[in-house]
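File shown: my_file.csv (CSV, C-alpha atoms (C1' of nucleotides)).
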```csv
chain,number,residue,atom,x,y,z
A,1,MET,CA,26.9,-3.3,1.2
A,2,LYS,CA,29.9,-5.4,0.6
A,3,GLU,CA,30.0,-7.9,-2.3
A,4,GLN,CA,31.3,-10.6,0.1
A,5,GLU,CA,28.5,-10.2,2.6
A,6,LEU,CA,26.0,-10.8,-0.2
A,7,LYS,CA,27.9,-13.9,-1.5
A,8,ASP,CA,28.0,-15.3,2.0
A,9,TYR,CA,24.2,-14.8,2.3
A,10,LEU,CA,23.6,-16.5,-1.0
A,11,LYS,CA,25.8,-19.4,-0.1
A,12,GLU,CA,24.2,-19.8,3.3
A,13,LYS,CA,20.8,-20.0,1.8
A,14,GLY,CA,21.8,-22.2,-1.1
A,15,LEU,CA,21.1,-19.4,-3.6
A,16,ARG,CA,23.0,-18.5,-6.8
A,17,LEU,CA,24.7,-15.4,-8.0
A,18,THR,CA,23.4,-14.9,-11.5
A,19,HIS,CA,24.4,-12.1,-14.0
A,20,GLN,CA,21.0,-10.6,-13.6
A,21,ARG,CA,21.3,-10.4,-9.8
A,22,GLU,CA,24.8,-9.1,-9.9
A,23,ASN,CA,23.9,-6.3,-12.3
A,24,ILE,CA,20.7,-5.4,-10.5
A,25,ILE,CA,22.4,-5.3,-7.2
A,26,LYS,CA,25.3,-3.2,-8.5
A,27,HIS,CA,23.0,-0.8,-10.1
A,28,PHE,CA,20.7,-0.5,-7.1
A,29,CYS,CA,23.2,-0.2,-4.4
A,30,ASP,CA,25.3,2.3,-6.2
A,31,LYS,CA,22.7,5.0,-6.2
A,32,ASN,CA,20.9,6.3,-3.1
A,33,LYS,CA,17.5,6.4,-4.7
A,34,HIS,CA,14.1,5.2,-3.7
A,35,TYR,CA,13.3,2.9,-6.6
A,36,THR,CA,10.0,1.4,-7.5
A,37,VAL,CA,10.3,-2.0,-9.2
A,38,GLU,CA,9.1,-0.4,-12.4
A,39,GLU,CA,11.8,2.4,-12.3
A,40,LEU,CA,14.6,0.0,-11.6
A,41,TYR,CA,13.3,-2.3,-14.3
A,42,GLU,CA,13.4,0.5,-16.9
A,43,GLU,CA,16.9,1.4,-16.0
A,44,MET,CA,18.1,-2.2,-16.0
A,45,LYS,CA,16.7,-2.8,-19.5
A,46,LYS,CA,19.3,-0.4,-20.8
A,47,GLU,CA,22.1,-2.5,-19.4
A,48,MET,CA,20.4,-5.9,-20.0
A,49,PRO,CA,17.8,-5.6,-22.7
A,50,GLY,CA,16.3,-9.1,-22.1
A,51,ILE,CA,15.8,-8.8,-18.4
A,52,GLY,CA,12.4,-9.5,-17.0
A,53,PHE,CA,10.3,-7.5,-14.6
A,54,ALA,CA,9.9,-10.4,-12.3
A,55,THR,CA,13.6,-10.8,-12.0
A,56,VAL,CA,14.0,-7.3,-10.8
A,57,TYR,CA,11.1,-7.7,-8.5
A,58,ARG,CA,12.5,-10.9,-7.0
A,59,THR,CA,15.9,-9.5,-6.6
A,60,LEU,CA,14.6,-6.6,-4.6
A,61,GLN,CA,12.7,-9.0,-2.4
A,62,LEU,CA,15.9,-10.9,-2.0
A,63,LEU,CA,17.8,-7.8,-0.9
A,64,VAL,CA,15.1,-7.0,1.6
A,65,ALA,CA,15.2,-10.6,3.0
A,66,ALA,CA,18.9,-10.4,3.2
A,67,GLY,CA,18.8,-7.1,5.1
A,68,PHE,CA,20.5,-5.1,2.4
A,69,ALA,CA,17.5,-3.1,1.4
A,70,LEU,CA,14.4,-1.6,2.9
A,71,GLU,CA,10.9,-1.6,1.5
A,72,ARG,CA,8.9,1.6,2.0
A,73,ARG,CA,5.7,3.0,0.9
A,74,PHE,CA,4.8,6.6,0.9
A,75,LYS,CA,1.5,8.3,0.2
A,76,ASP,CA,1.7,7.6,-3.6
A,77,ASP,CA,0.8,4.0,-3.0
A,78,VAL,CA,3.7,2.3,-4.7
A,79,THR,CA,6.3,0.2,-3.0
A,80,ARG,CA,9.8,1.6,-3.1
A,81,PHE,CA,13.1,0.1,-2.2
A,82,GLU,CA,16.2,1.8,-0.9
A,83,PRO,CA,19.6,0.4,-0.2
A,84,LEU,CA,20.3,0.0,3.5
A,85,HIS,CA,23.6,1.2,4.8
A,86,LYS,CA,24.7,0.1,8.2
A,87,ASN,CA,23.7,2.2,11.2
A,88,ASP,CA,21.8,4.5,8.9
A,89,HIS,CA,18.7,5.6,10.7
A,90,HIS,CA,16.9,8.2,8.7
A,91,ASP,CA,13.4,9.2,8.0
A,92,HIS,CA,11.8,10.9,5.0
A,93,MET,CA,10.4,14.2,4.0
A,94,ILE,CA,8.5,14.1,0.7
A,95,CYS,CA,7.5,17.0,-1.6
A,96,ILE,CA,3.9,16.7,-2.6
A,97,GLU,CA,4.5,18.8,-5.7
A,98,CYS,CA,7.6,17.2,-7.3
A,99,GLY,CA,7.9,14.0,-5.4
A,100,ARG,CA,11.4,14.7,-4.2
A,101,ILE,CA,12.4,12.6,-1.2
A,102,ILE,CA,14.8,14.1,1.3
A,103,GLU,CA,16.3,11.9,4.1
A,104,PHE,CA,16.8,13.4,7.5
A,105,GLU,CA,17.9,12.2,10.9
A,106,ASN,CA,16.8,13.5,14.2
A,107,LYS,CA,17.8,12.3,17.6
A,108,LYS,CA,14.8,13.8,19.4
A,109,LEU,CA,12.7,11.1,18.1
A,110,GLU,CA,14.3,8.5,20.3
A,111,ARG,CA,13.3,10.4,23.5
A,112,LEU,CA,9.8,10.9,22.1
A,113,LYS,CA,9.6,7.2,21.4
A,114,ASP,CA,10.8,6.2,24.9
A,115,GLY,CA,8.2,8.4,26.4
A,116,VAL,CA,5.3,7.0,24.4
A,117,ALA,CA,6.5,3.4,24.9
A,118,LYS,CA,6.7,3.8,28.7
A,119,LYS,CA,3.3,5.5,28.9
A,120,HIS,CA,1.5,2.8,27.1
A,121,ASN,CA,3.6,-0.2,28.2
A,122,PHE,CA,4.6,-0.9,24.7
A,123,CYS,CA,7.8,-2.4,23.4
A,124,ILE,CA,8.6,-0.4,20.2
A,125,LEU,CA,10.7,-2.2,17.7
A,126,LEU,CA,10.5,0.1,14.7
A,127,HIS,CA,8.9,3.4,13.6
A,128,LYS,CA,7.8,5.3,10.5
A,129,LEU,CA,8.1,9.0,10.4
A,130,GLU,CA,7.3,11.0,7.3
A,131,PHE,CA,6.8,14.6,6.6
A,132,TYR,CA,4.9,15.9,3.6
A,133,GLY,CA,4.9,19.4,2.2
A,134,TYR,CA,6.7,21.6,-0.3
A,135,CYS,CA,10.4,21.6,-0.9
A,136,GLU,CA,12.3,24.8,-1.3
A,137,LYS,CA,12.0,24.9,-5.1
A,138,CYS,CA,8.4,24.1,-5.3
A,139,ARG,CA,7.5,26.6,-2.5
A,140,ASN,CA,9.3,29.3,-4.4
A,141,LYS,CA,7.5,28.4,-7.6
A,142,LYS,CA,4.2,28.7,-5.8
A,143,ILE,CA,5.0,32.1,-4.5
A,144,LYS,CA,6.0,33.4,-7.9
A,145,GLY,CA,3.0,31.8,-9.5
A,146,LYS,CA,0.7,33.8,-7.4
A,147,LYS,CA,2.1,37.2,-8.4
B,1,MET,CA,-19.5,14.7,14.1
B,2,LYS,CA,-22.8,16.4,14.2
B,3,GLU,CA,-25.7,15.1,12.1
B,4,GLN,CA,-26.5,18.7,11.0
B,5,GLU,CA,-23.0,19.4,9.7
B,6,LEU,CA,-23.3,16.3,7.5
B,7,LYS,CA,-26.7,17.3,6.2
B,8,ASP,CA,-25.4,20.7,5.4
B,9,TYR,CA,-22.5,19.2,3.5
B,10,LEU,CA,-24.8,17.0,1.5
B,11,LYS,CA,-27.2,19.8,0.6
B,12,GLU,CA,-24.4,22.0,-0.4
B,13,LYS,CA,-23.1,19.4,-2.8
B,14,GLY,CA,-26.5,18.4,-4.1
B,15,LEU,CA,-26.1,14.9,-2.5
B,16,ARG,CA,-28.8,12.8,-0.8
B,17,LEU,CA,-29.1,11.3,2.6
B,18,THR,CA,-30.1,7.7,2.0
B,19,HIS,CA,-30.8,5.0,4.6
B,20,GLN,CA,-27.6,3.3,3.7
B,21,ARG,CA,-25.5,6.4,4.2
B,22,GLU,CA,-27.3,7.2,7.4
B,23,ASN,CA,-26.7,3.8,8.9
B,24,ILE,CA,-23.2,3.5,7.7
B,25,ILE,CA,-22.3,6.9,9.1
B,26,LYS,CA,-24.0,6.2,12.4
B,27,HIS,CA,-22.2,2.9,12.8
B,28,PHE,CA,-18.9,4.3,11.8
B,29,CYS,CA,-18.8,7.5,13.8
B,30,ASP,CA,-20.0,5.8,16.9
B,31,LYS,CA,-17.0,3.6,17.3
B,32,ASN,CA,-13.5,4.8,17.5
B,33,LYS,CA,-12.1,2.0,15.4
B,34,HIS,CA,-9.8,2.0,12.4
B,35,TYR,CA,-12.0,0.2,9.9
B,36,THR,CA,-11.1,-1.3,6.5
B,37,VAL,CA,-13.9,-1.2,4.0
B,38,GLU,CA,-14.2,-4.9,4.3
B,39,GLU,CA,-14.6,-4.8,8.1
B,40,LEU,CA,-17.2,-2.1,8.1
B,41,TYR,CA,-19.0,-3.9,5.2
B,42,GLU,CA,-19.2,-7.1,7.3
B,43,GLU,CA,-20.6,-5.3,10.3
B,44,MET,CA,-23.1,-3.3,8.2
B,45,LYS,CA,-24.5,-6.5,6.6
B,46,LYS,CA,-25.8,-7.5,10.0
B,47,GLU,CA,-27.9,-4.3,10.2
B,48,MET,CA,-28.7,-4.1,6.5
B,49,PRO,CA,-28.4,-7.5,4.9
B,50,GLY,CA,-28.8,-6.2,1.3
B,51,ILE,CA,-26.1,-3.5,1.5
B,52,GLY,CA,-23.4,-3.6,-1.1
B,53,PHE,CA,-19.6,-3.3,-0.7
B,54,ALA,CA,-19.5,-0.4,-3.1
B,55,THR,CA,-21.9,1.6,-1.0
B,56,VAL,CA,-19.8,1.2,2.1
B,57,TYR,CA,-16.7,2.1,0.1
B,58,ARG,CA,-18.3,5.2,-1.4
B,59,THR,CA,-19.7,6.4,1.8
B,60,LEU,CA,-16.3,6.2,3.5
B,61,GLN,CA,-14.9,8.2,0.5
B,62,LEU,CA,-17.7,10.7,1.0
B,63,LEU,CA,-16.8,11.1,4.7
B,64,VAL,CA,-13.2,11.7,3.8
B,65,ALA,CA,-14.1,14.3,1.2
B,66,ALA,CA,-16.4,16.0,3.7
B,67,GLY,CA,-13.6,16.1,6.3
B,68,PHE,CA,-15.4,13.8,8.7
B,69,ALA,CA,-13.0,10.9,8.4
B,70,LEU,CA,-9.4,10.2,7.7
B,71,GLU,CA,-7.8,7.6,5.4
B,72,ARG,CA,-4.8,5.8,6.7
B,73,ARG,CA,-2.6,2.9,5.7
B,74,PHE,CA,-0.3,1.0,8.1
B,75,LYS,CA,2.2,-1.7,7.3
B,76,ASP,CA,-0.5,-4.3,6.5
B,77,ASP,CA,-1.2,-2.6,3.2
B,78,VAL,CA,-4.9,-2.1,3.5
B,79,THR,CA,-6.6,1.3,3.6
B,80,ARG,CA,-8.3,2.1,6.9
B,81,PHE,CA,-10.7,4.8,7.9
B,82,GLU,CA,-11.1,6.5,11.2
B,83,PRO,CA,-13.7,9.1,12.3
B,84,LEU,CA,-12.2,12.5,12.6
B,85,HIS,CA,-12.9,14.5,15.7
B,86,LYS,CA,-12.2,18.2,15.8
B,87,ASN,CA,-8.7,19.2,16.9
B,88,ASP,CA,-7.7,15.6,17.4
B,89,HIS,CA,-4.1,15.3,16.4
B,90,HIS,CA,-2.9,11.8,17.3
B,91,ASP,CA,-0.5,9.3,15.9
B,92,HIS,CA,-0.5,5.5,16.0
B,93,MET,CA,1.2,2.7,17.7
B,94,ILE,CA,0.5,-0.7,16.2
B,95,CYS,CA,1.0,-4.2,17.8
B,96,ILE,CA,2.7,-6.4,15.2
B,97,GLU,CA,1.3,-9.5,17.0
B,98,CYS,CA,-2.4,-8.8,17.5
B,99,GLY,CA,-2.9,-5.8,15.3
B,100,ARG,CA,-4.1,-3.6,18.1
B,101,ILE,CA,-3.9,0.1,17.3
B,102,ILE,CA,-3.3,2.6,20.1
B,103,GLU,CA,-3.6,6.3,19.5
B,104,PHE,CA,-1.3,8.7,21.2
B,105,GLU,CA,-0.5,12.3,21.2
B,106,ASN,CA,2.9,14.0,21.8
B,107,LYS,CA,3.8,17.6,21.6
B,108,LYS,CA,7.5,17.1,21.2
B,109,LEU,CA,6.9,16.2,17.6
B,110,GLU,CA,6.0,19.8,16.7
B,111,ARG,CA,9.4,21.0,17.8
B,112,LEU,CA,11.1,18.2,16.0
B,113,LYS,CA,9.1,19.0,12.9
B,114,ASP,CA,10.0,22.7,13.0
B,115,GLY,CA,13.6,21.9,13.4
B,116,VAL,CA,13.7,19.6,10.4
B,117,ALA,CA,11.7,22.0,8.2
B,118,LYS,CA,14.0,24.9,9.0
B,119,LYS,CA,17.1,22.9,8.3
B,120,HIS,CA,16.0,21.7,4.8
B,121,ASN,CA,13.9,24.8,3.9
B,122,PHE,CA,10.8,22.7,3.7
B,123,CYS,CA,7.3,23.7,4.3
B,124,ILE,CA,5.7,20.8,6.1
B,125,LEU,CA,2.0,20.4,5.8
B,126,LEU,CA,1.4,17.0,7.3
B,127,HIS,CA,3.1,14.1,8.9
B,128,LYS,CA,2.9,10.4,9.5
B,129,LEU,CA,4.3,8.9,12.7
B,130,GLU,CA,3.8,5.3,13.5
B,131,PHE,CA,5.4,3.0,16.1
B,132,TYR,CA,5.4,-0.8,15.6
B,133,GLY,CA,6.1,-3.3,18.4
B,134,TYR,CA,4.4,-5.4,21.0
B,135,CYS,CA,1.6,-4.2,23.2
B,136,GLU,CA,1.6,-5.1,26.9
B,137,LYS,CA,-0.5,-8.2,26.5
B,138,CYS,CA,1.4,-9.7,23.7
B,139,ARG,CA,4.8,-8.9,25.3
B,140,ASN,CA,3.7,-10.7,28.4
B,141,LYS,CA,2.5,-13.7,26.4
B,142,LYS,CA,5.9,-13.8,24.7
B,143,ILE,CA,7.7,-13.9,28.0
B,144,LYS,CA,5.6,-16.6,29.4
B,145,GLY,CA,5.9,-18.6,26.2
B,146,LYS,CA,9.6,-18.8,26.5
B,147,LYS,CA,9.6,-20.5,29.9
C,1,DA,C1',-48.2,12.2,-7.6
C,2,DT,C1',-44.7,13.2,-10.9
C,3,DT,C1',-40.3,14.0,-12.5
C,4,DT,C1',-35.5,14.6,-12.2
C,5,DT,C1',-31.4,13.0,-10.9
C,6,DA,C1',-28.4,10.9,-7.3
C,7,DT,C1',-27.7,6.4,-5.4
C,8,DT,C1',-27.6,1.6,-5.0
C,9,DG,C1',-25.8,-3.2,-5.6
C,10,DA,C1',-23.9,-6.4,-8.7
C,11,DT,C1',-20.4,-6.9,-11.6
C,12,DA,C1',-16.5,-5.6,-14.4
C,13,DT,C1',-12.1,-3.2,-14.7
C,14,DT,C1',-7.9,-1.5,-13.2
C,15,DG,C1',-3.2,-1.6,-11.8
C,16,DA,C1',0.3,-3.0,-8.8
C,17,DT,C1',2.1,-7.1,-6.9
C,18,DT,C1',2.9,-12.0,-6.8
C,19,DT,C1',2.9,-16.7,-8.6
C,20,DT,C1',3.5,-20.2,-12.1
C,21,DC,C1',6.0,-22.9,-15.3
C,22,DA,C1',8.8,-24.5,-19.1
C,23,DA,C1',13.3,-23.3,-20.6
C,24,DT,C1',17.7,-22.0,-19.1
C,25,DT,C1',21.7,-21.3,-16.2
C,26,DT,C1',24.5,-22.0,-12.1
C,27,DC,C1',27.7,-24.6,-9.6
C,28,DA,C1',29.3,-28.6,-7.0
C,29,DA,C1',30.8,-33.1,-7.9
C,30,DT,C1',32.8,-35.8,-10.8
D,1,DA,C1',35.9,-29.7,-18.8
D,2,DT,C1',31.5,-32.3,-18.3
D,3,DT,C1',27.6,-33.6,-15.9
D,4,DG,C1',23.3,-33.4,-13.3
D,5,DA,C1',20.5,-31.6,-9.7
D,6,DA,C1',18.5,-27.7,-8.3
D,7,DA,C1',17.9,-22.7,-8.6
D,8,DT,C1',16.7,-19.0,-11.7
D,9,DT,C1',14.9,-16.7,-15.5
D,10,DG,C1',11.3,-14.3,-18.5
D,11,DA,C1',6.7,-14.3,-20.1
D,12,DA,C1',2.4,-14.8,-19.0
D,13,DA,C1',-1.2,-15.7,-15.8
D,14,DA,C1',-3.3,-15.2,-11.2
D,15,DT,C1',-4.2,-12.4,-7.3
D,16,DC,C1',-6.1,-8.8,-4.7
D,17,DA,C1',-7.5,-4.4,-3.1
D,18,DA,C1',-9.3,-0.4,-5.0
D,19,DT,C1',-12.2,1.8,-8.3
D,20,DA,C1',-15.5,2.4,-12.3
D,21,DT,C1',-19.7,1.0,-14.8
D,22,DC,C1',-24.6,0.6,-15.4
D,23,DA,C1',-29.4,-0.7,-15.2
D,24,DA,C1',-32.7,-0.6,-11.5
D,25,DT,C1',-34.2,2.0,-7.6
D,26,DA,C1',-35.1,5.7,-4.3
D,27,DA,C1',-34.7,10.6,-2.6
D,28,DA,C1',-36.5,15.2,-2.8
D,29,DA,C1',-38.0,19.1,-5.5
D,30,DT,C1',-41.9,20.6,-8.1
```

Any chance you could give the structure as structure tokens?
Amino acid sequence: MKEQELKDYLKEKGLRLTHQRENIIKHFCDKNKHYTVEELYEEMKKEMPGIGFATVYRTLQLLVAAGFALERRFKDDVTRFEPLHKNDHHDHMICIECGRIIEFENKKLERLKDGVAKKHNFCILLHKLEFYGYCEKCRNKKIKGKK
Amino acid sequence: MKEQELKDYLKEKGLRLTHQRENIIKHFCDKNKHYTVEELYEEMKKEMPGIGFATVYRTLQLLVAAGFALERRFKDDVTRFEPLHKNDHHDHMICIECGRIIEFENKKLERLKDGVAKKHNFCILLHKLEFYGYCEKCRNKKIKGKK
DNA sequence: ATTTTATTGATATTGATTTTCAATTTCAAT
DNA sequence: ATTGAAATTGAAAATCAATATCAATAAAAT
């Protein structure tokens, strides 16, 4: 996400670029993590001790509204946010042991999608594909544990 | 779901078959809907006016624990329950206009899954695939509305 | 029929998310 | 640089679905 795009968005909407927003956005967009509000709030407190939870929360909402972030929710029932990079169409694979989230991309899904849409006369706009299981590390641990 | 299987399950666990449970389960398993607790509770009140929300809630939990129902959550952020039929592996397509939920099955997903699992050395146990868009009716309405 | 113990329904609690509001900060216009 | 209108902040309160509690009730084993 380019700094300028964000500034344009703010101006267009009559919004302001505050220190809090600037820092939150820098911190968030740098990493490629899937943050909960709580997690990002905890990290932000180290940089800006006085920052409030609500500010982090609202800034993430802002990023979603602006199209710079995506809101997701996996099986653990907390909302997570990830920075959105242009033309980045990935799905997620989640380890049910350690919580690790792996992103993957697969083109076969498009064909599958077209087939299903045609069959049911549906106009598909977006999808959600998630795989749950054990990542390499946790699987190995499990095998060792059994011995 | 067979009546007997349920009774066996209850006995095995030292649980009891109450009128409430019996009615809720009959009502729920008959239909092939994706109920929220609230929705099922509203329908149950017509049959059993005194029934409590918590009872419906707990009975659905019971069905999930027994393997007779599945718990799902779509983008609208409320938990839904659907009766589980043996060997029924379907996914969902949801209309973002009217909320209609269509179930579909597609075998291509298995191959896709295998490919991704192998690539990342993951052991995939379950998946979630959802499509969101407009169903036939709502799409037609939209086209007409524009004229 | 009696007794034991699970279940019920009403209500309270939880925990994540969202809203509120007075104090503060931004920023465009002077 | 100063001002003033309006957006933003942080703390606290409200919301809302999901879950737990508990005295009263009902199932089923004896």

Distance limit 10 Å, atoms considered: only C-alpha atoms (C1' of nucleotides). Which chain A residues sit that close to chain D? Return them as a CSV table (one decimal) with C-alpha atoms, in the frame of the given file.
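This went into selection.csv:
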```csv
chain,number,residue,atom,x,y,z
A,14,GLY,CA,21.8,-22.2,-1.1
A,15,LEU,CA,21.1,-19.4,-3.6
A,16,ARG,CA,23.0,-18.5,-6.8
A,17,LEU,CA,24.7,-15.4,-8.0
A,18,THR,CA,23.4,-14.9,-11.5
A,20,GLN,CA,21.0,-10.6,-13.6
A,21,ARG,CA,21.3,-10.4,-9.8
A,50,GLY,CA,16.3,-9.1,-22.1
A,51,ILE,CA,15.8,-8.8,-18.4
A,52,GLY,CA,12.4,-9.5,-17.0
A,53,PHE,CA,10.3,-7.5,-14.6
A,54,ALA,CA,9.9,-10.4,-12.3
A,55,THR,CA,13.6,-10.8,-12.0
```

Quick one: residues within 10 Å of A:Arg139, only C-alpha atoms (C1' of nucleotides) counted, chain neighbours fewer than 4 positions away excluded, as a ChimeraX atom specification?
/A:95,97,133-135,143-145 /B:121-123

Mind listing as a list in words which residues of chain C are within 12 Å of chain A, counting all atoms listed in the file?
DG15, DA16, DT17, DT18, DT19, DT20, DT24, DT25, DT26, DC27 and DA28 of chain C

May I ask you to extract the residues of chain B within 8 Å of chain A, using all atoms listed in the file, and to give them as a ChimeraX atom specification?
/B:104,106,108-109,112,116,120-136,139

Write out chain A, as a tab-separated table (two decimals) with C-alpha atoms, in the frame of the given file, after superposing it onto chain B by least squares using every C-alpha atom paired in order.
```tsv
chain	number	residue	atom	x	y	z
A	1	MET	CA	-19.31	14.83	13.95
A	2	LYS	CA	-22.61	16.52	14.10
A	3	GLU	CA	-25.56	15.28	12.01
A	4	GLN	CA	-26.23	18.87	10.85
A	5	GLU	CA	-22.72	19.48	9.61
A	6	LEU	CA	-23.03	16.40	7.41
A	7	LYS	CA	-26.48	17.46	6.06
A	8	ASP	CA	-25.11	20.88	5.25
A	9	TYR	CA	-22.21	19.26	3.33
A	10	LEU	CA	-24.57	17.05	1.40
A	11	LYS	CA	-26.82	19.93	0.54
A	12	GLU	CA	-23.92	22.11	-0.53
A	13	LYS	CA	-22.68	19.51	-2.88
A	14	GLY	CA	-26.08	18.53	-4.19
A	15	LEU	CA	-25.82	15.07	-2.59
A	16	ARG	CA	-28.56	12.97	-0.93
A	17	LEU	CA	-28.95	11.48	2.47
A	18	THR	CA	-29.96	7.91	1.83
A	19	HIS	CA	-30.81	5.20	4.47
A	20	GLN	CA	-27.65	3.41	3.59
A	21	ARG	CA	-25.48	6.50	4.18
A	22	GLU	CA	-27.24	7.42	7.35
A	23	ASN	CA	-26.78	3.95	8.84
A	24	ILE	CA	-23.20	3.62	7.69
A	25	ILE	CA	-22.30	6.96	9.04
A	26	LYS	CA	-24.00	6.33	12.39
A	27	HIS	CA	-22.34	3.06	12.75
A	28	PHE	CA	-18.90	4.33	11.77
A	29	CYS	CA	-18.79	7.46	13.73
A	30	ASP	CA	-20.09	5.91	16.86
A	31	LYS	CA	-17.13	3.66	17.38
A	32	ASN	CA	-13.50	4.82	17.51
A	33	LYS	CA	-12.18	2.01	15.39
A	34	HIS	CA	-9.91	1.82	12.42
A	35	TYR	CA	-12.18	0.09	9.92
A	36	THR	CA	-11.24	-1.45	6.66
A	37	VAL	CA	-14.02	-1.28	4.05
A	38	GLU	CA	-14.41	-5.02	4.36
A	39	GLU	CA	-14.82	-4.92	8.22
A	40	LEU	CA	-17.35	-2.14	8.11
A	41	TYR	CA	-19.17	-3.93	5.32
A	42	GLU	CA	-19.49	-7.11	7.41
A	43	GLU	CA	-20.84	-5.23	10.33
A	44	MET	CA	-23.29	-3.23	8.24
A	45	LYS	CA	-24.74	-6.39	6.67
A	46	LYS	CA	-26.11	-7.28	10.07
A	47	GLU	CA	-28.08	-4.08	10.23
A	48	MET	CA	-28.90	-3.90	6.48
A	49	PRO	CA	-28.66	-7.32	4.93
A	50	GLY	CA	-28.94	-6.06	1.30
A	51	ILE	CA	-26.26	-3.44	1.48
A	52	GLY	CA	-23.52	-3.52	-1.07
A	53	PHE	CA	-19.79	-3.34	-0.63
A	54	ALA	CA	-19.50	-0.48	-3.00
A	55	THR	CA	-21.93	1.54	-1.02
A	56	VAL	CA	-19.86	1.23	2.06
A	57	TYR	CA	-16.77	1.97	0.12
A	58	ARG	CA	-18.27	5.10	-1.43
A	59	THR	CA	-19.62	6.33	1.78
A	60	LEU	CA	-16.23	6.17	3.40
A	61	GLN	CA	-14.78	8.08	0.49
A	62	LEU	CA	-17.52	10.58	1.00
A	63	LEU	CA	-16.68	11.02	4.67
A	64	VAL	CA	-13.05	11.51	3.81
A	65	ALA	CA	-13.94	14.15	1.14
A	66	ALA	CA	-16.16	15.85	3.58
A	67	GLY	CA	-13.43	15.97	6.24
A	68	PHE	CA	-15.23	13.73	8.68
A	69	ALA	CA	-12.94	10.80	8.34
A	70	LEU	CA	-9.31	10.02	7.71
A	71	GLU	CA	-7.85	7.37	5.46
A	72	ARG	CA	-4.76	5.58	6.78
A	73	ARG	CA	-2.67	2.73	5.83
A	74	PHE	CA	-0.41	0.86	8.11
A	75	LYS	CA	2.12	-1.85	7.36
A	76	ASP	CA	-0.60	-4.51	6.68
A	77	ASP	CA	-1.32	-2.94	3.34
A	78	VAL	CA	-5.02	-2.34	3.68
A	79	THR	CA	-6.69	1.02	3.74
A	80	ARG	CA	-8.39	1.90	6.99
A	81	PHE	CA	-10.72	4.68	7.90
A	82	GLU	CA	-11.19	6.37	11.23
A	83	PRO	CA	-13.65	9.00	12.27
A	84	LEU	CA	-12.09	12.43	12.64
A	85	HIS	CA	-12.92	14.42	15.70
A	86	LYS	CA	-12.12	18.07	15.74
A	87	ASN	CA	-8.71	19.17	16.97
A	88	ASP	CA	-7.77	15.55	17.46
A	89	HIS	CA	-4.15	15.18	16.54
A	90	HIS	CA	-2.96	11.73	17.33
A	91	ASP	CA	-0.62	9.23	15.92
A	92	HIS	CA	-0.57	5.43	16.07
A	93	MET	CA	1.28	2.66	17.73
A	94	ILE	CA	0.51	-0.77	16.26
A	95	CYS	CA	1.13	-4.24	17.77
A	96	ILE	CA	2.76	-6.49	15.25
A	97	GLU	CA	1.49	-9.57	17.06
A	98	CYS	CA	-2.24	-8.84	17.60
A	99	GLY	CA	-2.78	-5.87	15.40
A	100	ARG	CA	-4.04	-3.67	18.19
A	101	ILE	CA	-3.88	0.03	17.35
A	102	ILE	CA	-3.27	2.46	20.18
A	103	GLU	CA	-3.60	6.26	19.56
A	104	PHE	CA	-1.21	8.59	21.28
A	105	GLU	CA	-0.45	12.28	21.24
A	106	ASN	CA	2.84	13.90	21.81
A	107	LYS	CA	3.65	17.55	21.71
A	108	LYS	CA	7.39	17.07	21.16
A	109	LEU	CA	6.74	16.22	17.66
A	110	GLU	CA	5.80	19.75	16.75
A	111	ARG	CA	9.24	21.09	17.85
A	112	LEU	CA	10.94	18.23	15.99
A	113	LYS	CA	8.94	19.11	12.92
A	114	ASP	CA	9.78	22.84	13.10
A	115	GLY	CA	13.39	22.00	13.33
A	116	VAL	CA	13.46	19.71	10.32
A	117	ALA	CA	11.30	22.11	8.26
A	118	LYS	CA	13.62	25.08	8.95
A	119	LYS	CA	16.76	23.05	8.21
A	120	HIS	CA	15.62	21.93	4.86
A	121	ASN	CA	13.51	24.97	3.87
A	122	PHE	CA	10.44	22.89	3.70
A	123	CYS	CA	6.87	23.87	4.40
A	124	ILE	CA	5.36	20.83	6.25
A	125	LEU	CA	1.66	20.49	5.96
A	126	LEU	CA	1.07	17.06	7.44
A	127	HIS	CA	2.99	14.12	8.97
A	128	LYS	CA	2.74	10.38	9.58
A	129	LEU	CA	4.20	8.91	12.66
A	130	GLU	CA	3.80	5.26	13.53
A	131	PHE	CA	5.37	3.00	16.01
A	132	TYR	CA	5.43	-0.76	15.66
A	133	GLY	CA	6.22	-3.32	18.31
A	134	TYR	CA	4.56	-5.44	20.98
A	135	CYS	CA	1.78	-4.30	23.21
A	136	GLU	CA	1.77	-5.11	26.87
A	137	LYS	CA	-0.25	-8.32	26.51
A	138	CYS	CA	1.62	-9.72	23.65
A	139	ARG	CA	5.04	-8.91	25.25
A	140	ASN	CA	3.97	-10.75	28.35
A	141	LYS	CA	2.83	-13.73	26.32
A	142	LYS	CA	6.21	-13.85	24.64
A	143	ILE	CA	8.03	-13.86	27.89
A	144	LYS	CA	5.95	-16.68	29.30
A	145	GLY	CA	6.22	-18.61	26.09
A	146	LYS	CA	9.91	-18.76	26.39
A	147	LYS	CA	9.97	-20.34	29.85
```

Which neighbours of B:Glu43 fall inside 12 Å, counting all atoms listed in the file, when residues of the same chain fewer than 3 positions from it are skipped, and could you give them as number ranges by chain?
B: 23-24, 27-28, 31, 35-40, 46-49, 51-53, 56

Who sits within 9 Å of B:Ala69, all atoms listed in the file, same chain under 6 positions skipped, as a short mmCIF file (atom, residue, chain, number, x, y, z; two decimals) with C-alpha atoms, keeping the file's coordinate frame:
```cif
data_model
loop_
_atom_site.label_atom_id
_atom_site.label_comp_id
_atom_site.auth_asym_id
_atom_site.auth_seq_id
_atom_site.Cartn_x
_atom_site.Cartn_y
_atom_site.Cartn_z
CA CYS B 29 -18.80 7.50 13.80
CA LEU B 60 -16.30 6.20 3.50
CA GLN B 61 -14.90 8.20 0.50
CA LEU B 62 -17.70 10.70 1.00
CA LEU B 63 -16.80 11.10 4.70
CA PHE B 81 -10.70 4.80 7.90
CA GLU B 82 -11.10 6.50 11.20
CA PRO B 83 -13.70 9.10 12.30
CA LEU B 84 -12.20 12.50 12.60
CA HIS B 85 -12.90 14.50 15.70
#
```
